[in-house]
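Enquirer: If it helps, the file is called query.txt and holds compact mmCIF, C-alpha atoms:
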# COMPACT_ATOMS: atom_id res chain seq x y z
CA MET A 16 54.90 21.59 60.96
CA ALA A 17 55.57 19.76 57.73
CA SER A 18 57.84 21.56 55.37
CA MET A 19 56.27 23.64 52.64
CA LYS A 20 57.79 21.48 49.95
CA ASN A 21 56.28 18.31 51.39
CA ILE A 22 52.83 19.86 51.56
CA LYS A 23 53.13 21.07 48.00
CA LEU A 24 54.01 17.55 46.84
CA ARG A 25 51.11 16.08 48.71
CA ILE A 26 48.66 18.53 47.17
CA LYS A 27 49.95 17.55 43.73
CA SER A 28 49.50 13.86 44.40
CA VAL A 29 45.96 14.31 45.75
CA GLN A 30 45.15 16.41 42.71
CA SER A 31 46.22 13.72 40.29
CA THR A 32 44.25 11.09 42.23
CA MET A 33 41.23 13.36 42.01
CA GLN A 34 41.67 13.60 38.26
CA ILE A 35 41.61 9.82 38.00
CA THR A 36 38.57 9.38 40.21
CA ARG A 37 36.72 12.09 38.35
CA ALA A 38 37.45 10.41 35.02
CA MET A 39 36.31 7.05 36.41
CA LYS A 40 33.12 8.64 37.63
CA LEU A 41 32.36 10.01 34.18
CA VAL A 42 33.07 6.66 32.55
CA ALA A 43 30.83 4.88 35.07
CA SER A 44 28.02 7.39 34.44
CA SER A 45 27.99 6.79 30.72
CA ARG A 46 28.24 3.01 31.15
CA LEU A 47 25.43 3.17 33.67
CA ARG A 48 23.18 4.83 31.13
CA ARG A 49 23.96 2.14 28.58
CA ALA A 50 23.36 -0.63 31.12
CA GLN A 51 20.02 0.88 32.10
CA ASP A 52 18.95 1.00 28.46
CA ARG A 53 19.80 -2.66 28.09
CA CYS A 54 17.72 -3.43 31.20
CA MET A 55 14.71 -1.70 29.78
CA ARG A 56 15.01 -3.39 26.41
CA SER A 57 15.20 -6.90 27.82
CA ARG A 58 12.27 -6.49 30.19
CA PRO A 59 9.32 -7.31 27.87
CA TYR A 60 11.00 -10.54 26.82
CA TYR A 61 10.98 -12.28 30.17
CA GLU A 62 7.76 -10.70 31.35
CA VAL A 63 5.89 -12.35 28.49
CA LEU A 64 7.65 -15.66 29.09
CA ASN A 65 6.96 -15.60 32.82
CA LYS A 66 3.27 -14.87 32.28
CA THR A 67 2.93 -17.65 29.73
CA LEU A 68 4.61 -20.22 31.96
CA ASN A 69 2.28 -19.34 34.81
CA ASP A 70 -0.72 -19.56 32.51
CA ILE A 71 0.33 -22.99 31.34
CA ALA A 72 0.99 -24.31 34.84
CA ASN A 73 -2.36 -23.00 36.03
CA SER A 74 -4.38 -24.23 33.09
CA ASN A 75 -3.57 -27.84 33.72
CA SER A 76 -4.64 -29.36 37.00
CA ASP A 77 -2.63 -32.56 36.71
CA PHE A 78 0.41 -30.69 35.58
CA SER A 79 3.66 -32.42 36.43
CA SER A 80 6.57 -31.00 34.52
CA LYS A 81 9.92 -32.16 35.77
CA TYR A 82 10.91 -28.52 36.08
CA VAL A 83 8.18 -27.79 38.62
CA LYS A 84 8.44 -30.86 40.80
CA LYS A 85 10.05 -30.21 44.16
CA ARG A 86 12.38 -32.82 45.52
CA GLU A 87 14.46 -33.29 48.59
CA ILE A 88 17.22 -30.70 48.56
CA LYS A 89 20.60 -32.28 48.65
CA LYS A 90 22.54 -29.75 46.69
CA ILE A 91 21.93 -26.16 45.70
CA LEU A 92 23.53 -24.36 42.80
CA TYR A 93 24.13 -20.64 43.11
CA ILE A 94 24.79 -18.54 40.05
CA VAL A 95 26.63 -15.55 41.45
CA PHE A 96 27.02 -12.29 39.57
CA ALA A 97 29.83 -9.95 40.61
CA GLY A 98 32.04 -7.43 38.89
CA ASP A 99 35.26 -7.77 36.96
CA ARG A 100 36.97 -4.95 38.80
CA GLY A 101 37.08 -3.42 42.24
CA LEU A 102 36.71 0.26 43.13
CA ALA A 103 32.96 -0.03 43.09
CA GLY A 104 32.20 0.69 46.72
CA GLY A 105 30.60 -2.27 48.45
CA TYR A 106 29.28 -3.84 45.26
CA ASN A 107 31.34 -7.03 45.33
CA ALA A 108 31.67 -7.26 49.12
CA ASN A 109 27.91 -6.95 49.71
CA MET A 110 27.24 -9.68 47.18
CA PHE A 111 29.67 -12.12 48.81
CA ARG A 112 28.43 -11.33 52.30
CA MET A 113 24.88 -12.16 51.27
CA ILE A 114 25.97 -15.39 49.58
CA GLU A 115 27.86 -16.46 52.71
CA GLU A 116 24.79 -15.88 54.84
CA LYS A 117 22.45 -17.67 52.45
CA SER A 118 24.64 -20.68 51.83
CA LYS A 119 25.62 -21.24 55.44
CA GLY A 120 25.33 -24.91 56.31
CA GLN A 121 24.10 -25.85 52.84
CA ASN A 122 25.67 -28.27 50.48
CA CYS A 123 26.14 -26.10 47.47
CA ALA A 124 28.01 -25.48 44.25
CA PHE A 125 28.69 -22.17 42.53
CA LEU A 126 28.65 -20.82 39.03
CA PRO A 127 30.53 -17.56 39.39
CA VAL A 128 30.13 -14.81 36.80
CA GLY A 129 32.70 -12.04 36.77
CA LYS A 130 36.39 -12.07 37.62
CA LYS A 131 35.90 -11.07 41.25
CA ALA A 132 33.41 -13.87 41.83
CA VAL A 133 35.67 -16.50 40.26
CA GLU A 134 38.59 -15.32 42.39
CA TYR A 135 36.50 -15.25 45.55
CA PHE A 136 35.20 -18.82 45.28
CA LYS A 137 38.51 -20.17 44.09
CA LYS A 138 40.34 -18.68 47.04
CA ARG A 139 37.89 -20.29 49.44
CA GLN A 140 38.09 -23.58 47.54
CA ARG A 141 34.40 -23.86 46.96
CA GLU A 142 32.98 -26.13 44.32
CA ILE A 143 32.90 -24.24 41.02
CA ILE A 144 31.09 -25.86 38.13
CA SER A 145 32.51 -23.69 35.37
CA GLU A 146 34.91 -20.83 34.93
CA SER A 147 33.86 -20.00 31.41
CA PHE A 148 32.06 -16.83 32.45
CA LYS A 149 35.04 -15.05 33.84
CA VAL A 150 34.45 -11.68 32.25
CA ALA A 151 31.01 -10.35 33.16
CA GLY A 152 31.42 -7.30 30.95
CA ASP A 153 31.66 -9.35 27.75
CA LEU A 154 28.64 -11.57 28.30
CA SER A 155 25.95 -11.50 25.67
CA VAL A 156 22.55 -13.10 25.25
CA SER A 157 24.05 -16.25 23.78
CA ASP A 158 26.24 -16.74 26.88
CA CYS A 159 23.09 -16.58 28.98
CA PHE A 160 21.55 -19.31 26.85
CA GLU A 161 24.67 -21.39 27.30
CA MET A 162 24.39 -20.90 31.06
CA SER A 163 20.72 -21.75 30.99
CA ARG A 164 21.37 -24.96 29.08
CA MET A 165 24.09 -25.89 31.55
CA VAL A 166 21.96 -25.43 34.66
CA CYS A 167 18.86 -27.04 33.12
CA ASN A 168 20.82 -30.13 32.17
CA GLY A 169 22.35 -30.25 35.63
CA PHE A 170 18.93 -29.97 37.20
CA LEU A 171 17.40 -32.66 35.03
CA ALA A 172 20.34 -34.98 35.62
CA GLY A 173 19.76 -34.59 39.35
CA GLU A 174 23.09 -32.95 40.06
CA TYR A 175 21.38 -30.03 41.78
CA ASP A 176 17.97 -29.97 43.39
CA GLU A 177 17.55 -26.24 43.49
CA ILE A 178 19.00 -23.43 41.44
CA GLN A 179 19.29 -19.89 42.71
CA VAL A 180 20.60 -16.86 40.90
CA ALA A 181 22.21 -14.10 42.95
CA GLY A 182 22.52 -10.65 41.46
CA THR A 183 22.40 -7.06 42.56
CA LYS A 184 19.12 -5.31 42.07
CA PHE A 185 19.36 -1.78 40.78
CA VAL A 186 16.96 0.19 42.98
CA SER A 187 18.35 3.62 42.17
CA VAL A 188 21.68 5.27 41.50
CA LEU A 189 22.08 5.59 45.27
CA SER A 190 21.06 2.13 46.33
CA GLN A 191 21.73 -1.35 44.99
CA VAL A 192 20.57 -4.41 46.89
CA PRO A 193 22.02 -7.91 46.45
CA GLN A 194 19.32 -10.56 46.30
CA THR A 195 18.66 -14.12 45.21
CA GLN A 196 15.94 -15.47 43.01
CA GLN A 197 14.90 -19.06 42.60
CA LEU A 198 15.13 -20.38 39.06
CA LEU A 199 14.36 -24.05 39.47
CA PRO A 200 12.16 -25.72 40.47
CA PHE A 201 9.86 -23.20 38.88
CA THR A 202 7.41 -21.76 41.40
CA VAL A 203 3.95 -21.33 39.97
CA GLN A 204 2.02 -18.24 40.92
CA GLU A 205 -1.70 -18.86 41.25
CA VAL A 206 -3.74 -16.79 38.84
CA GLU A 207 -6.97 -15.44 40.25
CA GLY A 208 -10.26 -15.35 38.43
CA ASP A 209 -11.34 -17.24 35.36
CA ARG A 210 -8.75 -18.84 33.21
CA GLU A 211 -8.54 -18.21 29.52
CA VAL A 212 -8.97 -21.17 27.25
CA ILE A 213 -5.82 -21.55 25.22
CA LEU A 214 -4.84 -24.06 22.60
CA TYR A 215 -1.42 -25.53 23.28
CA GLU A 216 0.48 -27.36 20.61
CA PRO A 217 1.64 -30.10 20.78
CA ASN A 218 0.50 -30.16 24.45
CA THR A 219 0.92 -28.16 27.63
CA GLU A 220 3.80 -30.11 29.04
CA ASP A 221 5.99 -30.17 25.93
CA THR A 222 5.36 -26.49 25.37
CA PHE A 223 6.20 -25.75 28.98
CA ASN A 224 9.38 -27.80 28.90
CA ALA A 225 10.50 -26.14 25.69
CA ILE A 226 9.91 -22.66 27.06
CA ILE A 227 11.55 -23.16 30.47
CA PRO A 228 15.18 -22.95 29.23
CA GLU A 229 14.27 -19.82 27.30
CA TYR A 230 12.73 -18.32 30.39
CA ILE A 231 15.74 -19.14 32.53
CA ALA A 232 18.06 -17.60 29.98
CA GLY A 233 15.79 -14.55 30.02
CA VAL A 234 15.95 -14.29 33.80
CA ILE A 235 19.72 -14.76 33.82
CA TYR A 236 20.06 -12.08 31.18
CA SER A 237 17.91 -9.65 33.12
CA VAL A 238 19.88 -10.31 36.30
CA LEU A 239 23.06 -9.74 34.30
CA CYS A 240 21.73 -6.42 33.04
CA GLU A 241 20.63 -5.31 36.50
CA SER A 242 23.94 -6.35 38.05
CA THR A 243 25.95 -4.49 35.43
CA ALA A 244 23.84 -1.39 36.01
CA SER A 245 24.32 -1.79 39.78
CA GLU A 246 28.05 -2.16 39.41
CA GLN A 247 28.30 1.03 37.40
CA GLY A 248 25.96 2.81 39.82
CA ALA A 249 28.03 1.71 42.81
CA ARG A 250 31.24 2.71 41.08
CA ARG A 251 29.83 6.09 40.15
CA MET A 252 28.87 6.77 43.77
CA ALA A 253 32.20 5.54 45.12
CA MET A 254 34.13 7.67 42.66
CA GLU A 255 31.99 10.70 43.37
CA ASN A 256 32.71 10.34 47.09
CA ALA A 257 36.39 9.88 46.37
CA THR A 258 36.44 13.03 44.24
CA ASN A 259 34.69 15.00 46.97
CA ASN A 260 37.07 13.69 49.61
CA ALA A 261 40.03 14.64 47.47
CA ALA A 262 38.63 18.15 47.06
CA ASP A 263 38.24 18.45 50.84
CA MET A 264 41.75 17.20 51.39
CA ILE A 265 43.20 19.67 48.92
CA GLU A 266 41.36 22.47 50.66
CA SER A 267 42.71 21.61 54.09
CA LEU A 268 46.20 21.02 52.68
CA ASN A 269 46.10 24.42 51.03
CA LEU A 270 45.21 25.94 54.37
CA THR A 271 48.13 24.21 56.04
CA TYR A 272 50.39 25.27 53.22
CA ASN A 273 49.36 28.91 53.51
CA ARG A 274 49.83 28.81 57.26
CA ALA A 275 53.29 27.37 56.84
CA ARG A 276 54.14 30.01 54.27
CA GLN A 277 52.80 32.78 56.54
CA SER A 278 54.75 31.57 59.54
CA ALA A 279 57.91 31.30 57.46
CA ILE A 280 57.49 34.91 56.35
CA THR A 281 56.75 36.06 59.89
CA GLN A 282 59.83 34.29 61.16
CA GLU A 283 61.98 35.87 58.47
CA ILE A 284 60.70 39.36 59.32
CA THR A 285 61.26 38.75 63.01
CA GLU A 286 64.81 37.67 62.28
CA ILE A 287 65.50 40.72 60.12
CA VAL A 288 63.97 43.10 62.66
CA ALA A 289 65.87 41.44 65.47
CA GLY A 290 69.08 41.70 63.43
CA ALA A 291 68.46 45.42 62.65
CA GLY A 292 67.73 46.24 66.32
CA GLU A 293 71.15 44.98 67.43
CA ASP A 294 73.11 47.80 65.78
CA MET B 15 -7.46 -8.40 1.48
CA ALA B 16 -7.05 -10.14 4.77
CA ALA B 17 -7.85 -8.33 7.99
CA PRO B 18 -4.85 -7.09 10.00
CA PHE B 19 -4.00 -8.02 13.59
CA HIS B 20 -1.58 -6.66 16.12
CA LEU B 21 1.78 -8.41 16.08
CA GLN B 22 4.56 -7.89 18.55
CA ILE B 23 7.98 -9.45 18.13
CA ALA B 24 10.37 -9.26 21.09
CA THR B 25 13.85 -10.62 21.74
CA PRO B 26 16.14 -10.23 24.78
CA ASP B 27 17.91 -7.45 22.87
CA GLY B 28 14.73 -5.47 22.61
CA GLY B 29 11.60 -5.20 20.53
CA VAL B 30 12.01 -5.94 16.85
CA PHE B 31 8.57 -5.23 15.55
CA ASP B 32 5.38 -3.80 16.95
CA GLY B 33 2.58 -3.11 14.53
CA GLN B 34 -0.13 -4.47 12.27
CA ALA B 35 0.30 -7.53 10.12
CA THR B 36 -2.09 -9.69 8.16
CA ARG B 37 -0.24 -12.97 8.34
CA LEU B 38 2.57 -14.61 10.24
CA ILE B 39 4.12 -17.91 9.33
CA CYS B 40 6.76 -19.47 11.55
CA ARG B 41 8.12 -22.80 12.63
CA THR B 42 7.15 -24.21 16.03
CA ILE B 43 8.42 -27.37 17.68
CA ASP B 44 5.36 -29.03 16.18
CA GLY B 45 5.74 -27.82 12.59
CA ASP B 46 4.95 -24.68 10.62
CA VAL B 47 1.97 -22.61 11.69
CA CYS B 48 0.24 -19.64 10.16
CA VAL B 49 -1.47 -17.00 12.27
CA MET B 50 -4.10 -14.74 10.74
CA ALA B 51 -6.56 -12.30 12.25
CA ARG B 52 -9.12 -13.75 14.69
CA HIS B 53 -6.93 -16.74 15.47
CA THR B 54 -7.98 -18.68 18.54
CA ASN B 55 -5.98 -18.29 21.75
CA TYR B 56 -2.88 -20.27 21.07
CA CYS B 57 0.50 -21.00 22.52
CA SER B 58 3.46 -22.98 21.35
CA ALA B 59 7.24 -23.04 21.60
CA LEU B 60 9.21 -22.05 18.53
CA GLY B 61 11.68 -24.22 16.73
CA MET B 62 14.31 -22.93 14.35
CA GLY B 63 13.43 -21.89 10.89
CA GLU B 64 12.30 -19.34 8.42
CA ALA B 65 9.48 -16.95 9.30
CA ARG B 66 7.33 -14.78 7.05
CA VAL B 67 5.35 -11.74 8.09
CA THR B 68 2.84 -10.27 5.66
CA MET B 69 2.43 -6.58 6.32
CA GLU B 70 -0.75 -4.59 5.97
CA ASP B 71 0.29 -3.32 2.56
CA GLY B 72 0.83 -6.85 1.29
CA ASN B 73 4.62 -6.82 1.51
CA VAL B 74 6.11 -10.04 2.77
CA ARG B 75 9.14 -9.80 5.03
CA LEU B 76 11.30 -12.83 5.64
CA ALA B 77 13.31 -13.55 8.73
CA ALA B 78 15.37 -16.23 10.41
CA CYS B 79 13.80 -17.10 13.75
CA MET B 80 15.40 -19.31 16.40
CA GLY B 81 13.73 -20.59 19.51
CA GLY B 82 11.32 -18.84 21.79
CA MET B 83 7.56 -18.80 22.01
CA LEU B 84 4.50 -17.88 20.02
CA ASN B 85 1.43 -16.69 21.84
CA VAL B 86 -1.95 -15.48 20.58
CA MET B 87 -4.25 -13.94 23.16
CA ASP B 88 -7.51 -12.17 22.41
CA GLY B 89 -6.43 -11.38 18.88
CA GLU B 90 -3.03 -10.04 19.94
CA CYS B 91 -0.09 -12.02 18.68
CA ARG B 92 3.16 -12.05 20.59
CA LEU B 93 6.25 -13.73 19.27
CA VAL B 94 9.08 -13.94 21.76
CA ALA B 95 12.18 -15.17 19.99
CA THR B 96 15.69 -15.96 21.15
CA THR B 97 16.97 -14.39 17.97
CA TRP B 98 15.05 -12.81 15.15
CA GLU B 99 16.88 -11.49 12.13
CA TRP B 100 15.16 -9.90 9.18
CA LYS B 101 16.41 -11.21 5.87
CA GLU B 102 17.96 -7.85 4.96
CA ASP B 103 19.94 -7.76 8.23
CA ILE B 104 21.56 -11.15 7.75
CA ASP B 105 25.21 -11.08 6.84
CA LEU B 106 25.41 -13.87 4.27
CA ASP B 107 29.21 -14.03 4.31
CA ARG B 108 29.24 -14.40 8.05
CA ALA B 109 26.60 -17.13 7.97
CA GLU B 110 28.58 -19.02 5.29
CA ASP B 111 31.71 -18.59 7.36
CA ALA B 112 29.98 -19.98 10.44
CA LYS B 113 28.65 -22.86 8.38
CA ARG B 114 32.11 -23.72 7.13
CA ARG B 115 33.59 -23.51 10.62
CA ALA B 116 30.90 -25.75 12.06
CA GLU B 117 31.41 -28.27 9.27
CA GLU B 118 35.14 -28.30 9.88
CA MET B 119 34.53 -28.92 13.55
CA LEU B 120 32.14 -31.75 12.82
CA ALA B 121 34.61 -33.34 10.41
CA GLU B 122 36.64 -34.32 13.44
CA ARG B 123 33.71 -35.54 15.45
CA ASP B 124 35.46 -38.72 16.55
CA ARG B 125 37.68 -36.68 18.78
CA MET B 126 34.89 -34.58 20.30
CA ASP B 127 32.71 -35.32 23.30
CA ASP B 128 28.93 -35.33 23.03
CA ARG B 129 28.47 -31.82 24.29
CA ASP B 130 30.87 -30.29 21.76
CA ILE B 131 29.17 -32.19 18.97
CA GLN B 132 25.81 -30.85 20.10
CA VAL B 133 27.12 -27.29 20.18
CA ALA B 134 28.68 -27.64 16.75
CA GLU B 135 25.53 -29.18 15.31
CA ALA B 136 23.41 -26.37 16.73
CA LYS B 137 25.82 -23.86 15.21
CA LEU B 138 25.62 -25.56 11.85
CA ARG B 139 21.83 -25.64 11.94
CA ARG B 140 21.63 -21.94 12.78
CA ALA B 141 24.10 -21.07 10.04
CA LEU B 142 22.16 -23.15 7.51
CA ILE B 143 18.86 -21.43 8.37
CA ARG B 144 20.47 -18.01 8.22
CA SER B 145 22.09 -18.53 4.86
CA GLY B 146 18.96 -20.29 3.60
CA VAL B 147 16.79 -17.29 4.49
CA ALA B 148 19.30 -14.81 3.09
CA LYS B 149 19.32 -16.62 -0.25
CA LEU B 150 15.54 -16.75 -0.66
Take the structure in this file and express it as C-alpha cells.
Expert:
Amino acid sequence: MASMKNIKLRIKSVQSTMQITRAMKLVASSRLRRAQDRCMRSRPYYEVLNKTLNDIANSNSDFSSKYVKKREIKKILYIVFAGDRGLAGGYNANMFRMIEEKSKGQNCAFLPVGKKAVEYFKKRQREIISESFKVAGDLSVSDCFEMSRMVCNGFLAGEYDEIQVAGTKFVSVLSQVPQTQQLLPFTVQEVEGDREVILYEPNTEDTFNAIIPEYIAGVIYSVLCESTASEQGARRMAMENATNNAADMIESLNLTYNRARQSAITQEITEIVAGAGED
Amino acid sequence: MAAPFHLQIATPDGGVFDGQATRLICRTIDGDVCVMARHTNYCSALGMGEARVTMEDGNVRLAACMGGMLNVMDGECRLVATTWEWKEDIDLDRAEDAKRRAEEMLAERDRMDDRDIQVAEAKLRRALIRSGVAKL
C-alpha cells in the first residue's frame, strides 16, 4: 500500500488540477454565451443575402454569372476553421479527421484559420495559401471580408475551381458536428411558384456579381461564429468531464488514504498490545 | 407629409435599425437612389457613400454606409450593409487618423504591389466618407 504521505500529495495535486479545470469550464461557459449571441446577431444578414442571390439567379433564364458557372475541377480550396488552443475535447481532431476524409485523392489547397489549423497543415506540408488568419479568436467582420476577397479573386483568376468552407456546426452544448459547405461556384436553389417581378439596377448580373463577395463574407463570418461557439461548447464539456473525473479520483484516493490510516493505527495497537502481553 | 414604410437595416454585427421611415437615400453601385413608400420591387448592390434616413417625425439621420445590398419587396425595404455607422457614432478623430495613415501609405506607392495599393486606397476612401459624413 502506498504510504500515507504519498496519497496525501496526490490528493493535493488532483485538487489543484480540478480547480483549474473548473475555472476553465466557467470561462468557456461565459464565452459560449457571447459566441452564441454573435451567431444570432449575424444570422439575418446572410439569410437576406442568400435569398436575394437565389431570387436573382432564378429570375433570369439566361443567367451566366462567372460565379455560378461550373467548370472542370482541377483544384479545390478548403477554408478550415479550427481553434487556437487545445483542451477542447475532440473539437480540433474531429475537424481534421473530416478534412482528411473529404480531401482524400483531391488536388487541394488550404486556407487555415486558427493556430491549430495552421500548425496541422504546416506539419503535413500541405499547400497553404495564407497564414494571416492565425488567431481565430481575434477575427472580426473585416477579416472575413478580406478572406472573401482573397478567395473570390482566386476563383475568378482560375486558381481554384471550387471553394469549400469547413467549420463546426453548433447543434447543442452537447454536440458539435464538423461539416463543409460549398461557397463557389454558387449553387442556385430553385424557387417554386410564381416569381416576383423585381427591378434590378444596373442589371441582374452586375448586381449579382457585386453581392456575391458580400454573401461569401457573410457565410464565412457565420461559420466563424458557429465554430467559435462550438469550440467553447466542446471545451466546456471536456472541462466538465475533467472536473467530474477529478472529483471521483479524489473520492477514491480519500478512501485509500483512510484505509491506510486505519491499518496503520490497527498495526500500532497490535504492536502495543503484543508488547504489553510479553511482561 | 410623406407616407411611412417599413425599413430594416442589418449588418453582420447585428440589426442597426428596424422601424418606420418615410425616406431613404443611399448610394448604390449605379448612383444615388431614393426609396419612398410604395416603391416598386427593387434590388441593387450598394456602393460606398453617405446615406440619409428620414424618420416618421421628419428628423433626418445621416450615416456612412459601405457595401452591401438594398432590397425593396412588397413595400418592405431591407438594407443589408457591410458597415453602417450613424453620424453620431462616427469617431471623427479616428477617421482623420485613418485618412492620414492611408495617405502616408499611398505616398510610397512606388514601392507597393498592386494589392497593397488597392487596400490602402479602399482604406482612404472609407476614411474620407466617414469624416465627410461626420462633418456634415
Enquirer: Excluding same-chain residues fewer than 3 positions from range 167-183 of chain A, what lies within 9 Å of it counting all atoms listed in the file, as a PyMOL selection string?
Expert: chain A and resi 81-82+85-97+106+110+113-114+123-124+162-164+191-200+227-228+231+234-235+238-239+241-246
Enquirer: Wanna dump the range 51-109 of chain B-range 223-226 of chain A contacts at 7 Å for me, each residue with its shortest atom pair and the distance in Å to one decimal, counting all atoms listed in the file, ordered by chain and number, as a tab-separated table?
Expert:
residue	atom	partner	partner_atom	distance
B:Ala59	CA	A:Ala225	CA	6.1
B:Gly82	CA	A:Ile226	CA	6.7
B:Met83	CA	A:Ile226	CA	6.8
Enquirer: From (2.0, -29.4, 29.6), in the file's coordinates, out to 8 Å: which residues are reached, counting all atoms listed in the file? Answer as JSON, numbers by chain.
Expert: {"A": [71, 72, 75, 78, 79, 80, 218, 219, 220, 221, 222, 223, 224]}
Enquirer: In Å, how far is it from CA of Val150 in chain A to CA of Met80 in chain B?
Expert: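 Straight-line distance from CA of Val150 in chain A to CA of Met80 in chain B works out to 25.9 Å.
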Enquirer: Taking into account only C-alpha atoms, which residue in the set B:Ala78, B:Ala112, B:Leu120, B:Ala134 is nearest to Glu99 in chain B?
Expert: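 Closest to Glu99 in chain B of all the choices is B:Ala78.
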Enquirer: For the interface of chain A with chain B (cut-off 8 Å, counting only C-alpha atoms), please tabulate each contacting residue of chain A alongside its nearest pair of atoms and their separation in Å to one decimal, rows sorted by chain and increasing number, as JSON lines.
Expert:
{"residue": "A:Arg53", "atom": "CA", "partner": "B:Asp27", "partner_atom": "CA", "distance": 7.3}
{"residue": "A:Arg56", "atom": "CA", "partner": "B:Gly28", "partner_atom": "CA", "distance": 4.3}
{"residue": "A:Ser57", "atom": "CA", "partner": "B:Pro26", "partner_atom": "CA", "distance": 4.6}
{"residue": "A:Arg58", "atom": "CA", "partner": "B:Pro26", "partner_atom": "CA", "distance": 7.6}
{"residue": "A:Pro59", "atom": "CA", "partner": "B:Ala24", "partner_atom": "CA", "distance": 7.1}
{"residue": "A:Tyr60", "atom": "CA", "partner": "B:Pro26", "partner_atom": "CA", "distance": 5.5}
{"residue": "A:Tyr61", "atom": "CA", "partner": "B:Pro26", "partner_atom": "CA", "distance": 7.7}
{"residue": "A:Val63", "atom": "CA", "partner": "B:Val94", "partner_atom": "CA", "distance": 7.6}
{"residue": "A:Leu64", "atom": "CA", "partner": "B:Val94", "partner_atom": "CA", "distance": 7.7}
{"residue": "A:Val156", "atom": "CA", "partner": "B:Pro26", "partner_atom": "CA", "distance": 7.0}
{"residue": "A:Val212", "atom": "CA", "partner": "B:Asn55", "partner_atom": "CA", "distance": 6.9}
{"residue": "A:Ile213", "atom": "CA", "partner": "B:Asn55", "partner_atom": "CA", "distance": 4.8}
{"residue": "A:Leu214", "atom": "CA", "partner": "B:Tyr56", "partner_atom": "CA", "distance": 4.5}
{"residue": "A:Tyr215", "atom": "CA", "partner": "B:Cys57", "partner_atom": "CA", "distance": 5.0}
{"residue": "A:Glu216", "atom": "CA", "partner": "B:Ser58", "partner_atom": "CA", "distance": 5.3}
{"residue": "A:Pro217", "atom": "CA", "partner": "B:Asp44", "partner_atom": "CA", "distance": 6.0}
{"residue": "A:Thr222", "atom": "CA", "partner": "B:Ala59", "partner_atom": "CA", "distance": 5.4}
{"residue": "A:Phe223", "atom": "CA", "partner": "B:Ala59", "partner_atom": "CA", "distance": 7.9}
{"residue": "A:Ala225", "atom": "CA", "partner": "B:Ala59", "partner_atom": "CA", "distance": 6.1}
{"residue": "A:Ile226", "atom": "CA", "partner": "B:Ala59", "partner_atom": "CA", "distance": 6.1}
{"residue": "A:Glu229", "atom": "CA", "partner": "B:Gly82", "partner_atom": "CA", "distance": 6.3}
{"residue": "A:Gly233", "atom": "CA", "partner": "B:Pro26", "partner_atom": "CA", "distance": 6.8}
{"residue": "A:Tyr236", "atom": "CA", "partner": "B:Pro26", "partner_atom": "CA", "distance": 7.7}
Enquirer: Using CA of Leu76 in chain B and CA of Glu62 in chain A as the two end points, give the distance in Å to one decimal.
Expert: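 These two atoms are separated by 26.0 Å.
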Enquirer: Using all atoms listed in the file, which of A:Arg251, A:Lys40, A:Arg25, A:Arg139 sits nearest Ser187 in chain A?
Expert: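 The answer is A:Arg251, which sits nearest to Ser187 in chain A.
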Enquirer: Could you work out how far CA of Leu68 in chain A lies from CA of Ala35 in chain B, giving the answer in Å with one decimal?
Expert: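 Computed distance, CA of Ala35 in chain B to CA of Leu68 in chain A, equals 25.6 Å.
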Enquirer: What box, with edges along x, y and z, holds each listed atom of range 116-122 of chain B when 4 Å is added on every side, and can you state its centre and edge lengths in Å to one decimal, as lines of an AutoDock Vina configuration file?
Expert:
center_x = 33.8
center_y = -30.0
center_z = 11.4
size_x = 13.7
size_y = 16.6
size_z = 12.3
Enquirer: With all atoms listed in the file as the counted atoms, please give the residues lying no more than 12 Å from Asp105 in chain B, apart from itself and same-chain residues fewer than 2 positions off, as a compact mmCIF listing (two decimals) with C-alpha atoms, keeping the file's coordinate frame.
Expert:
# COMPACT_ATOMS: atom_id res chain seq x y z
CA ALA B 78 15.37 -16.23 10.41
CA GLU B 99 16.88 -11.49 12.13
CA TRP B 100 15.16 -9.90 9.18
CA LYS B 101 16.41 -11.21 5.87
CA GLU B 102 17.96 -7.85 4.96
CA ASP B 103 19.94 -7.76 8.23
CA ASP B 107 29.21 -14.03 4.31
CA ARG B 108 29.24 -14.40 8.05
CA ALA B 109 26.60 -17.13 7.97
CA GLU B 110 28.58 -19.02 5.29
CA ASP B 111 31.71 -18.59 7.36
CA ALA B 112 29.98 -19.98 10.44
CA ALA B 141 24.10 -21.07 10.04
CA ARG B 144 20.47 -18.01 8.22
CA SER B 145 22.09 -18.53 4.86
CA GLY B 146 18.96 -20.29 3.60
CA VAL B 147 16.79 -17.29 4.49
CA ALA B 148 19.30 -14.81 3.09
CA LYS B 149 19.32 -16.62 -0.25
Enquirer: I need the residue nearest Ala50 in chain A from this list: A:Ala151, A:Val188, A:Ala291, A:Cys240. Use only C-alpha atoms for the distance.
Expert: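 With only C-alpha atoms as the atom set, the closest residue is A:Cys240.
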Enquirer: So that I can check the surroundings of Ala16 in chain B, please list as JSON, numbers by chain every protein, DNA and RNA residue that reaches within 12 Å of it, counting all atoms listed in the file and ignoring chain neighbours fewer than 6 positions away.
Expert: {"B": [34, 35, 36, 37, 38, 49, 50, 51, 52, 68, 69, 70, 71, 72]}
Enquirer: If we count all atoms listed in the file, what is near Leu47 in chain A at a cut-off of 7 Å, once residues fewer than 2 positions away on the same chain are taken out, given as a ChimeraX atom specification?
Expert: /A:43-45,49-51,244,247-248
Enquirer: Set the distance at 8 Å and use only C-alpha atoms: which residues neighbour Ile265 in chain A once local chain neighbours fewer than 6 positions away are removed? I'd like the list as a PyMOL selection string.
Expert: chain A and resi 26+29-30
